[in-house]
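Coordinates as given in upload_27.cif (mmCIF, N, CA and C atoms, pLDDT in the B column; chains and numbers go by the auth columns):
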```cif
data_work
loop_
_atom_site.group_PDB
_atom_site.id
_atom_site.type_symbol
_atom_site.label_atom_id
_atom_site.label_comp_id
_atom_site.label_asym_id
_atom_site.label_seq_id
_atom_site.Cartn_x
_atom_site.Cartn_y
_atom_site.Cartn_z
_atom_site.B_iso_or_equiv
_atom_site.auth_seq_id
_atom_site.auth_asym_id
ATOM 1 N N MET A 1 25.446 7.508 4.065 77.00 1 A
ATOM 2 C CA MET A 1 24.218 7.813 4.760 77.00 1 A
ATOM 3 C C MET A 1 23.675 6.517 5.356 77.00 1 A
ATOM 4 N N SER A 2 23.145 6.598 6.531 82.00 2 A
ATOM 5 C CA SER A 2 22.511 5.421 7.114 82.00 2 A
ATOM 6 C C SER A 2 21.048 5.752 7.397 82.00 2 A
ATOM 7 N N MET A 3 20.236 4.712 7.370 84.00 3 A
ATOM 8 C CA MET A 3 18.805 4.867 7.635 84.00 3 A
ATOM 9 C C MET A 3 18.441 3.915 8.759 84.00 3 A
ATOM 10 N N THR A 4 17.485 4.325 9.551 89.00 4 A
ATOM 11 C CA THR A 4 17.009 3.480 10.631 89.00 4 A
ATOM 12 C C THR A 4 15.502 3.374 10.517 89.00 4 A
ATOM 13 N N PHE A 5 14.997 2.156 10.580 85.00 5 A
ATOM 14 C CA PHE A 5 13.551 1.940 10.548 85.00 5 A
ATOM 15 C C PHE A 5 13.253 0.617 11.223 85.00 5 A
ATOM 16 N N ASP A 6 12.006 0.492 11.661 89.00 6 A
ATOM 17 C CA ASP A 6 11.588 -0.727 12.352 89.00 6 A
ATOM 18 C C ASP A 6 11.232 -1.806 11.340 89.00 6 A
ATOM 19 N N ILE A 7 11.673 -3.015 11.631 89.00 7 A
ATOM 20 C CA ILE A 7 11.353 -4.178 10.807 89.00 7 A
ATOM 21 C C ILE A 7 10.588 -5.146 11.695 89.00 7 A
ATOM 22 N N PRO A 8 9.383 -5.541 11.286 91.00 8 A
ATOM 23 C CA PRO A 8 8.609 -6.472 12.102 91.00 8 A
ATOM 24 C C PRO A 8 9.406 -7.747 12.398 91.00 8 A
ATOM 25 N N SER A 9 9.182 -8.312 13.582 92.00 9 A
ATOM 26 C CA SER A 9 9.961 -9.477 14.014 92.00 9 A
ATOM 27 C C SER A 9 9.788 -10.668 13.082 92.00 9 A
ATOM 28 N N ASP A 10 8.590 -10.849 12.509 93.00 10 A
ATOM 29 C CA ASP A 10 8.400 -11.971 11.589 93.00 10 A
ATOM 30 C C ASP A 10 9.228 -11.798 10.316 93.00 10 A
ATOM 31 N N VAL A 11 9.396 -10.550 9.893 92.00 11 A
ATOM 32 C CA VAL A 11 10.233 -10.277 8.719 92.00 11 A
ATOM 33 C C VAL A 11 11.696 -10.504 9.082 92.00 11 A
ATOM 34 N N GLN A 12 12.093 -10.037 10.252 91.00 12 A
ATOM 35 C CA GLN A 12 13.480 -10.247 10.693 91.00 12 A
ATOM 36 C C GLN A 12 13.810 -11.733 10.721 91.00 12 A
ATOM 37 N N ALA A 13 12.893 -12.524 11.247 92.00 13 A
ATOM 38 C CA ALA A 13 13.128 -13.968 11.307 92.00 13 A
ATOM 39 C C ALA A 13 13.248 -14.556 9.903 92.00 13 A
ATOM 40 N N GLY A 14 12.450 -14.057 8.976 93.00 14 A
ATOM 41 C CA GLY A 14 12.463 -14.580 7.617 93.00 14 A
ATOM 42 C C GLY A 14 13.709 -14.229 6.824 93.00 14 A
ATOM 43 N N VAL A 15 14.333 -13.104 7.156 92.00 15 A
ATOM 44 C CA VAL A 15 15.513 -12.687 6.392 92.00 15 A
ATOM 45 C C VAL A 15 16.824 -13.005 7.102 92.00 15 A
ATOM 46 N N ALA A 16 16.714 -13.534 8.313 91.00 16 A
ATOM 47 C CA ALA A 16 17.928 -13.894 9.053 91.00 16 A
ATOM 48 C C ALA A 16 18.731 -14.895 8.225 91.00 16 A
ATOM 49 N N GLY A 17 19.992 -14.635 8.107 92.00 17 A
ATOM 50 C CA GLY A 17 20.856 -15.554 7.379 92.00 17 A
ATOM 51 C C GLY A 17 21.051 -15.215 5.917 92.00 17 A
ATOM 52 N N ILE A 18 20.392 -14.194 5.413 94.00 18 A
ATOM 53 C CA ILE A 18 20.623 -13.791 4.026 94.00 18 A
ATOM 54 C C ILE A 18 21.922 -12.985 4.008 94.00 18 A
ATOM 55 N N ALA A 19 22.937 -13.562 3.413 93.00 19 A
ATOM 56 C CA ALA A 19 24.283 -12.981 3.474 93.00 19 A
ATOM 57 C C ALA A 19 24.368 -11.603 2.827 93.00 19 A
ATOM 58 N N ASP A 20 23.731 -11.420 1.711 94.00 20 A
ATOM 59 C CA ASP A 20 23.849 -10.157 0.978 94.00 20 A
ATOM 60 C C ASP A 20 22.614 -9.275 1.145 94.00 20 A
ATOM 61 N N LEU A 21 21.980 -9.351 2.317 93.00 21 A
ATOM 62 C CA LEU A 21 20.750 -8.590 2.552 93.00 21 A
ATOM 63 C C LEU A 21 20.959 -7.094 2.364 93.00 21 A
ATOM 64 N N ASP A 22 22.092 -6.563 2.837 91.00 22 A
ATOM 65 C CA ASP A 22 22.345 -5.131 2.688 91.00 22 A
ATOM 66 C C ASP A 22 22.387 -4.721 1.217 91.00 22 A
ATOM 67 N N LEU A 23 22.966 -5.549 0.362 94.00 23 A
ATOM 68 C CA LEU A 23 23.016 -5.269 -1.067 94.00 23 A
ATOM 69 C C LEU A 23 21.611 -5.320 -1.673 94.00 23 A
ATOM 70 N N ARG A 24 20.848 -6.331 -1.290 94.00 24 A
ATOM 71 C CA ARG A 24 19.488 -6.460 -1.808 94.00 24 A
ATOM 72 C C ARG A 24 18.616 -5.279 -1.399 94.00 24 A
ATOM 73 N N VAL A 25 18.739 -4.856 -0.146 93.00 25 A
ATOM 74 C CA VAL A 25 17.956 -3.707 0.326 93.00 25 A
ATOM 75 C C VAL A 25 18.371 -2.454 -0.432 93.00 25 A
ATOM 76 N N ALA A 26 19.661 -2.268 -0.636 94.00 26 A
ATOM 77 C CA ALA A 26 20.138 -1.100 -1.383 94.00 26 A
ATOM 78 C C ALA A 26 19.611 -1.118 -2.814 94.00 26 A
ATOM 79 N N LEU A 27 19.625 -2.282 -3.458 96.00 27 A
ATOM 80 C CA LEU A 27 19.093 -2.390 -4.821 96.00 27 A
ATOM 81 C C LEU A 27 17.593 -2.087 -4.849 96.00 27 A
ATOM 82 N N TYR A 28 16.858 -2.592 -3.858 96.00 28 A
ATOM 83 C CA TYR A 28 15.425 -2.334 -3.772 96.00 28 A
ATOM 84 C C TYR A 28 15.168 -0.834 -3.603 96.00 28 A
ATOM 85 N N LEU A 29 15.912 -0.196 -2.708 96.00 29 A
ATOM 86 C CA LEU A 29 15.722 1.236 -2.484 96.00 29 A
ATOM 87 C C LEU A 29 16.077 2.045 -3.731 96.00 29 A
ATOM 88 N N ARG A 30 17.112 1.639 -4.443 96.00 30 A
ATOM 89 C CA ARG A 30 17.481 2.320 -5.683 96.00 30 A
ATOM 90 C C ARG A 30 16.332 2.219 -6.698 96.00 30 A
ATOM 91 N N HIS A 31 15.769 1.027 -6.811 97.00 31 A
ATOM 92 C CA HIS A 31 14.643 0.813 -7.721 97.00 31 A
ATOM 93 C C HIS A 31 13.455 1.673 -7.302 97.00 31 A
ATOM 94 N N GLU A 32 13.150 1.716 -6.023 96.00 32 A
ATOM 95 C CA GLU A 32 12.028 2.528 -5.538 96.00 32 A
ATOM 96 C C GLU A 32 12.262 4.011 -5.825 96.00 32 A
ATOM 97 N N ALA A 33 13.496 4.470 -5.676 96.00 33 A
ATOM 98 C CA ALA A 33 13.809 5.868 -5.979 96.00 33 A
ATOM 99 C C ALA A 33 13.586 6.162 -7.457 96.00 33 A
ATOM 100 N N GLN A 34 13.979 5.229 -8.324 97.00 34 A
ATOM 101 C CA GLN A 34 13.762 5.403 -9.756 97.00 34 A
ATOM 102 C C GLN A 34 12.266 5.411 -10.084 97.00 34 A
ATOM 103 N N MET A 35 11.518 4.518 -9.467 94.00 35 A
ATOM 104 C CA MET A 35 10.068 4.468 -9.707 94.00 35 A
ATOM 105 C C MET A 35 9.392 5.747 -9.218 94.00 35 A
ATOM 106 N N GLU A 36 9.827 6.271 -8.089 90.00 36 A
ATOM 107 C CA GLU A 36 9.252 7.513 -7.574 90.00 36 A
ATOM 108 C C GLU A 36 9.539 8.671 -8.526 90.00 36 A
ATOM 109 N N ALA A 37 10.729 8.703 -9.096 93.00 37 A
ATOM 110 C CA ALA A 37 11.061 9.750 -10.070 93.00 37 A
ATOM 111 C C ALA A 37 10.145 9.653 -11.286 93.00 37 A
ATOM 112 N N ILE A 38 9.873 8.441 -11.731 92.00 38 A
ATOM 113 C CA ILE A 38 8.964 8.242 -12.871 92.00 38 A
ATOM 114 C C ILE A 38 7.555 8.695 -12.500 92.00 38 A
ATOM 115 N N ARG A 39 7.095 8.333 -11.297 86.00 39 A
ATOM 116 C CA ARG A 39 5.758 8.743 -10.854 86.00 39 A
ATOM 117 C C ARG A 39 5.637 10.261 -10.825 86.00 39 A
ATOM 118 N N ARG A 40 6.660 10.913 -10.344 87.00 40 A
ATOM 119 C CA ARG A 40 6.615 12.382 -10.263 87.00 40 A
ATOM 120 C C ARG A 40 6.560 13.016 -11.644 87.00 40 A
ATOM 121 N N GLN A 41 7.209 12.395 -12.608 91.00 41 A
ATOM 122 C CA GLN A 41 7.164 12.918 -13.979 91.00 41 A
ATOM 123 C C GLN A 41 5.813 12.635 -14.621 91.00 41 A
ATOM 124 N N ARG A 42 5.258 11.475 -14.326 91.00 42 A
ATOM 125 C CA ARG A 42 4.037 11.011 -14.984 91.00 42 A
ATOM 126 C C ARG A 42 2.779 11.640 -14.400 91.00 42 A
ATOM 127 N N HIS A 43 2.766 11.876 -13.095 87.00 43 A
ATOM 128 C CA HIS A 43 1.562 12.339 -12.422 87.00 43 A
ATOM 129 C C HIS A 43 1.772 13.732 -11.856 87.00 43 A
ATOM 130 N N SER A 44 0.779 14.562 -12.021 90.00 44 A
ATOM 131 C CA SER A 44 0.873 15.931 -11.528 90.00 44 A
ATOM 132 C C SER A 44 0.859 15.952 -10.001 90.00 44 A
ATOM 133 N N SER A 45 1.311 17.065 -9.434 88.00 45 A
ATOM 134 C CA SER A 45 1.285 17.189 -7.979 88.00 45 A
ATOM 135 C C SER A 45 -0.155 17.135 -7.476 88.00 45 A
ATOM 136 N N GLN A 46 -1.092 17.657 -8.270 93.00 46 A
ATOM 137 C CA GLN A 46 -2.504 17.605 -7.873 93.00 46 A
ATOM 138 C C GLN A 46 -2.983 16.155 -7.802 93.00 46 A
ATOM 139 N N ALA A 47 -2.611 15.336 -8.767 91.00 47 A
ATOM 140 C CA ALA A 47 -3.013 13.923 -8.757 91.00 47 A
ATOM 141 C C ALA A 47 -2.400 13.208 -7.557 91.00 47 A
ATOM 142 N N ARG A 48 -1.139 13.507 -7.245 88.00 48 A
ATOM 143 C CA ARG A 48 -0.497 12.881 -6.086 88.00 48 A
ATOM 144 C C ARG A 48 -1.170 13.311 -4.790 88.00 48 A
ATOM 145 N N GLU A 49 -1.607 14.574 -4.711 92.00 49 A
ATOM 146 C CA GLU A 49 -2.313 15.053 -3.519 92.00 49 A
ATOM 147 C C GLU A 49 -3.658 14.355 -3.364 92.00 49 A
ATOM 148 N N ILE A 50 -4.361 14.121 -4.463 95.00 50 A
ATOM 149 C CA ILE A 50 -5.641 13.415 -4.417 95.00 50 A
ATOM 150 C C ILE A 50 -5.440 12.000 -3.893 95.00 50 A
ATOM 151 N N VAL A 51 -4.427 11.321 -4.411 93.00 51 A
ATOM 152 C CA VAL A 51 -4.140 9.960 -3.960 93.00 51 A
ATOM 153 C C VAL A 51 -3.754 9.958 -2.484 93.00 51 A
ATOM 154 N N ALA A 52 -2.909 10.879 -2.077 93.00 52 A
ATOM 155 C CA ALA A 52 -2.493 10.944 -0.669 93.00 52 A
ATOM 156 C C ALA A 52 -3.702 11.187 0.231 93.00 52 A
ATOM 157 N N GLY A 53 -4.622 12.045 -0.213 96.00 53 A
ATOM 158 C CA GLY A 53 -5.839 12.295 0.558 96.00 53 A
ATOM 159 C C GLY A 53 -6.706 11.056 0.665 96.00 53 A
ATOM 160 N N ALA A 54 -6.827 10.320 -0.430 95.00 54 A
ATOM 161 C CA ALA A 54 -7.613 9.084 -0.416 95.00 54 A
ATOM 162 C C ALA A 54 -6.992 8.053 0.525 95.00 54 A
ATOM 163 N N VAL A 55 -5.673 7.974 0.526 94.00 55 A
ATOM 164 C CA VAL A 55 -4.990 7.043 1.428 94.00 55 A
ATOM 165 C C VAL A 55 -5.239 7.453 2.875 94.00 55 A
ATOM 166 N N ARG A 56 -5.150 8.750 3.167 95.00 56 A
ATOM 167 C CA ARG A 56 -5.411 9.221 4.534 95.00 56 A
ATOM 168 C C ARG A 56 -6.837 8.890 4.960 95.00 56 A
ATOM 169 N N GLU A 57 -7.799 9.099 4.059 94.00 57 A
ATOM 170 C CA GLU A 57 -9.197 8.785 4.371 94.00 57 A
ATOM 171 C C GLU A 57 -9.386 7.295 4.613 94.00 57 A
ATOM 172 N N ALA A 58 -8.755 6.465 3.803 90.00 58 A
ATOM 173 C CA ALA A 58 -8.868 5.012 3.976 90.00 58 A
ATOM 174 C C ALA A 58 -8.259 4.583 5.309 90.00 58 A
ATOM 175 N N GLU A 59 -7.127 5.180 5.674 92.00 59 A
ATOM 176 C CA GLU A 59 -6.503 4.846 6.954 92.00 59 A
ATOM 177 C C GLU A 59 -7.387 5.285 8.113 92.00 59 A
ATOM 178 N N ALA A 60 -8.027 6.444 7.985 94.00 60 A
ATOM 179 C CA ALA A 60 -8.932 6.921 9.033 94.00 60 A
ATOM 180 C C ALA A 60 -10.141 5.997 9.139 94.00 60 A
ATOM 181 N N ASP A 61 -10.683 5.566 7.993 92.00 61 A
ATOM 182 C CA ASP A 61 -11.807 4.625 8.005 92.00 61 A
ATOM 183 C C ASP A 61 -11.411 3.326 8.705 92.00 61 A
ATOM 184 N N LYS A 62 -10.224 2.836 8.378 89.00 62 A
ATOM 185 C CA LYS A 62 -9.754 1.586 8.979 89.00 62 A
ATOM 186 C C LYS A 62 -9.582 1.755 10.486 89.00 62 A
ATOM 187 N N ALA A 63 -9.001 2.876 10.902 92.00 63 A
ATOM 188 C CA ALA A 63 -8.800 3.133 12.331 92.00 63 A
ATOM 189 C C ALA A 63 -10.139 3.248 13.066 92.00 63 A
ATOM 190 N N ALA A 64 -11.164 3.722 12.355 93.00 64 A
ATOM 191 C CA ALA A 64 -12.492 3.861 12.948 93.00 64 A
ATOM 192 C C ALA A 64 -13.262 2.549 12.947 93.00 64 A
ATOM 193 N N GLY A 65 -12.663 1.499 12.379 93.00 65 A
ATOM 194 C CA GLY A 65 -13.299 0.192 12.380 93.00 65 A
ATOM 195 C C GLY A 65 -14.090 -0.134 11.136 93.00 65 A
ATOM 196 N N PHE A 66 -14.037 0.721 10.121 91.00 66 A
ATOM 197 C CA PHE A 66 -14.763 0.455 8.877 91.00 66 A
ATOM 198 C C PHE A 66 -14.097 -0.699 8.148 91.00 66 A
ATOM 199 N N ASP A 67 -14.886 -1.661 7.726 89.00 67 A
ATOM 200 C CA ASP A 67 -14.364 -2.852 7.063 89.00 67 A
ATOM 201 C C ASP A 67 -14.696 -2.786 5.574 89.00 67 A
ATOM 202 N N TRP A 68 -13.695 -2.457 4.752 86.00 68 A
ATOM 203 C CA TRP A 68 -13.927 -2.322 3.315 86.00 68 A
ATOM 204 C C TRP A 68 -14.352 -3.651 2.691 86.00 68 A
ATOM 205 N N ASP A 69 -13.759 -4.742 3.136 89.00 69 A
ATOM 206 C CA ASP A 69 -14.116 -6.045 2.581 89.00 69 A
ATOM 207 C C ASP A 69 -15.588 -6.347 2.835 89.00 69 A
ATOM 208 N N ASP A 70 -16.046 -6.076 4.044 91.00 70 A
ATOM 209 C CA ASP A 70 -17.452 -6.298 4.381 91.00 70 A
ATOM 210 C C ASP A 70 -18.353 -5.375 3.563 91.00 70 A
ATOM 211 N N SER A 71 -17.932 -4.136 3.408 91.00 71 A
ATOM 212 C CA SER A 71 -18.713 -3.176 2.629 91.00 71 A
ATOM 213 C C SER A 71 -18.858 -3.635 1.177 91.00 71 A
ATOM 214 N N PHE A 72 -17.767 -4.096 0.586 92.00 72 A
ATOM 215 C CA PHE A 72 -17.826 -4.581 -0.797 92.00 72 A
ATOM 216 C C PHE A 72 -18.669 -5.846 -0.903 92.00 72 A
ATOM 217 N N ALA A 73 -18.585 -6.707 0.110 94.00 73 A
ATOM 218 C CA ALA A 73 -19.401 -7.926 0.106 94.00 73 A
ATOM 219 C C ALA A 73 -20.883 -7.568 0.153 94.00 73 A
ATOM 220 N N GLN A 74 -21.244 -6.580 0.954 94.00 74 A
ATOM 221 C CA GLN A 74 -22.639 -6.137 1.026 94.00 74 A
ATOM 222 C C GLN A 74 -23.083 -5.536 -0.311 94.00 74 A
ATOM 223 N N LEU A 75 -22.226 -4.742 -0.921 94.00 75 A
ATOM 224 C CA LEU A 75 -22.544 -4.147 -2.221 94.00 75 A
ATOM 225 C C LEU A 75 -22.714 -5.230 -3.278 94.00 75 A
ATOM 226 N N ARG A 76 -21.836 -6.210 -3.288 95.00 76 A
ATOM 227 C CA ARG A 76 -21.928 -7.315 -4.236 95.00 76 A
ATOM 228 C C ARG A 76 -23.240 -8.076 -4.045 95.00 76 A
ATOM 229 N N GLN A 77 -23.590 -8.335 -2.790 95.00 77 A
ATOM 230 C CA GLN A 77 -24.830 -9.060 -2.507 95.00 77 A
ATOM 231 C C GLN A 77 -26.042 -8.252 -2.958 95.00 77 A
ATOM 232 N N ALA A 78 -26.037 -6.959 -2.707 95.00 78 A
ATOM 233 C CA ALA A 78 -27.153 -6.104 -3.138 95.00 78 A
ATOM 234 C C ALA A 78 -27.279 -6.121 -4.659 95.00 78 A
ATOM 235 N N GLN A 79 -26.153 -6.059 -5.364 95.00 79 A
ATOM 236 C CA GLN A 79 -26.172 -6.095 -6.822 95.00 79 A
ATOM 237 C C GLN A 79 -26.718 -7.429 -7.307 95.00 79 A
ATOM 238 N N GLN A 80 -26.329 -8.516 -6.674 95.00 80 A
ATOM 239 C CA GLN A 80 -26.830 -9.835 -7.068 95.00 80 A
ATOM 240 C C GLN A 80 -28.325 -9.973 -6.798 95.00 80 A
ATOM 241 N N ASP A 81 -28.780 -9.405 -5.672 94.00 81 A
ATOM 242 C CA ASP A 81 -30.218 -9.447 -5.351 94.00 81 A
ATOM 243 C C ASP A 81 -31.028 -8.668 -6.385 94.00 81 A
ATOM 244 N N ILE A 82 -30.512 -7.519 -6.779 94.00 82 A
ATOM 245 C CA ILE A 82 -31.224 -6.707 -7.785 94.00 82 A
ATOM 246 C C ILE A 82 -31.224 -7.412 -9.118 94.00 82 A
ATOM 247 N N THR A 83 -30.086 -7.961 -9.510 93.00 83 A
ATOM 248 C CA THR A 83 -29.973 -8.657 -10.795 93.00 83 A
ATOM 249 C C THR A 83 -30.922 -9.872 -10.843 93.00 83 A
ATOM 250 N N ALA A 84 -31.040 -10.566 -9.720 93.00 84 A
ATOM 251 C CA ALA A 84 -31.909 -11.751 -9.664 93.00 84 A
ATOM 252 C C ALA A 84 -33.377 -11.384 -9.862 93.00 84 A
ATOM 253 N N ARG A 85 -33.751 -10.157 -9.528 91.00 85 A
ATOM 254 C CA ARG A 85 -35.145 -9.709 -9.656 91.00 85 A
ATOM 255 C C ARG A 85 -35.483 -9.245 -11.072 91.00 85 A
ATOM 256 N N LEU A 86 -34.480 -9.048 -11.889 88.00 86 A
ATOM 257 C CA LEU A 86 -34.711 -8.536 -13.255 88.00 86 A
ATOM 258 C C LEU A 86 -35.204 -9.614 -14.183 88.00 86 A
#
```
Rendering of file as structure tokens:
Amino acid sequence: MSMTFDIPSDVQAGVAGIADLDLRVALYLRHEAQMEAIRRQRHSSQAREIVAGAVREAEADKAAGFDWDDSFAQLRQAQQDITARL
């Protein structure tokens, strides 16, 4: 079986010259397949659907320009301001 996927140019430049790259990629994919099997056993389909939904929402927020880092920084600052008043 062969797979085709895009590899960013900076990654391509970084891995150029690795003689056994195909073996390393195959080992990585084998490991990922094993981890996915464990996840499926450990987590219910409902839990996986919740996570997938959260990921979709986060991607939509990011595409809409929402900045999670800025949001957390504002929340942290608000918490510090409240704590300072106590």
To test the calculation: enclose all listed atoms of range 29-38 of chain A in a box whose edges run along x, y and z, add 5 Å on each side, then state centre and edge lengths in Å to one decimal, as lines of an AutoDock Vina configuration file.
```
center_x = 12.5
center_y = 4.8
center_z = -7.7
size_x = 19.9
size_y = 19.9
size_z = 20.4
```
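Going from atom N of Arg40 in chain A to atom C of Tyr28 in chain A covers 16.0 Å.
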Quick one, how far is atom C of Arg48 in chain A from CA of Met35 in chain A? 15.1 Å
Between atom N of Leu27 in chain A and atom C of His43 in chain A, distance in Å (one decimal): 25.4 Å
Can you turn the PyMOL selection byres (((chain A and resi 3 and name CA) around 12) and name CA) into a concrete residue list for this file, as a ChimeraX atom specification? /A:1-2,4-6,22,25-26,29
Name the residues of chain A that come out as helix (DSSP H, G or I) in a backbone DSSP run; write them as a count of residues only. 66
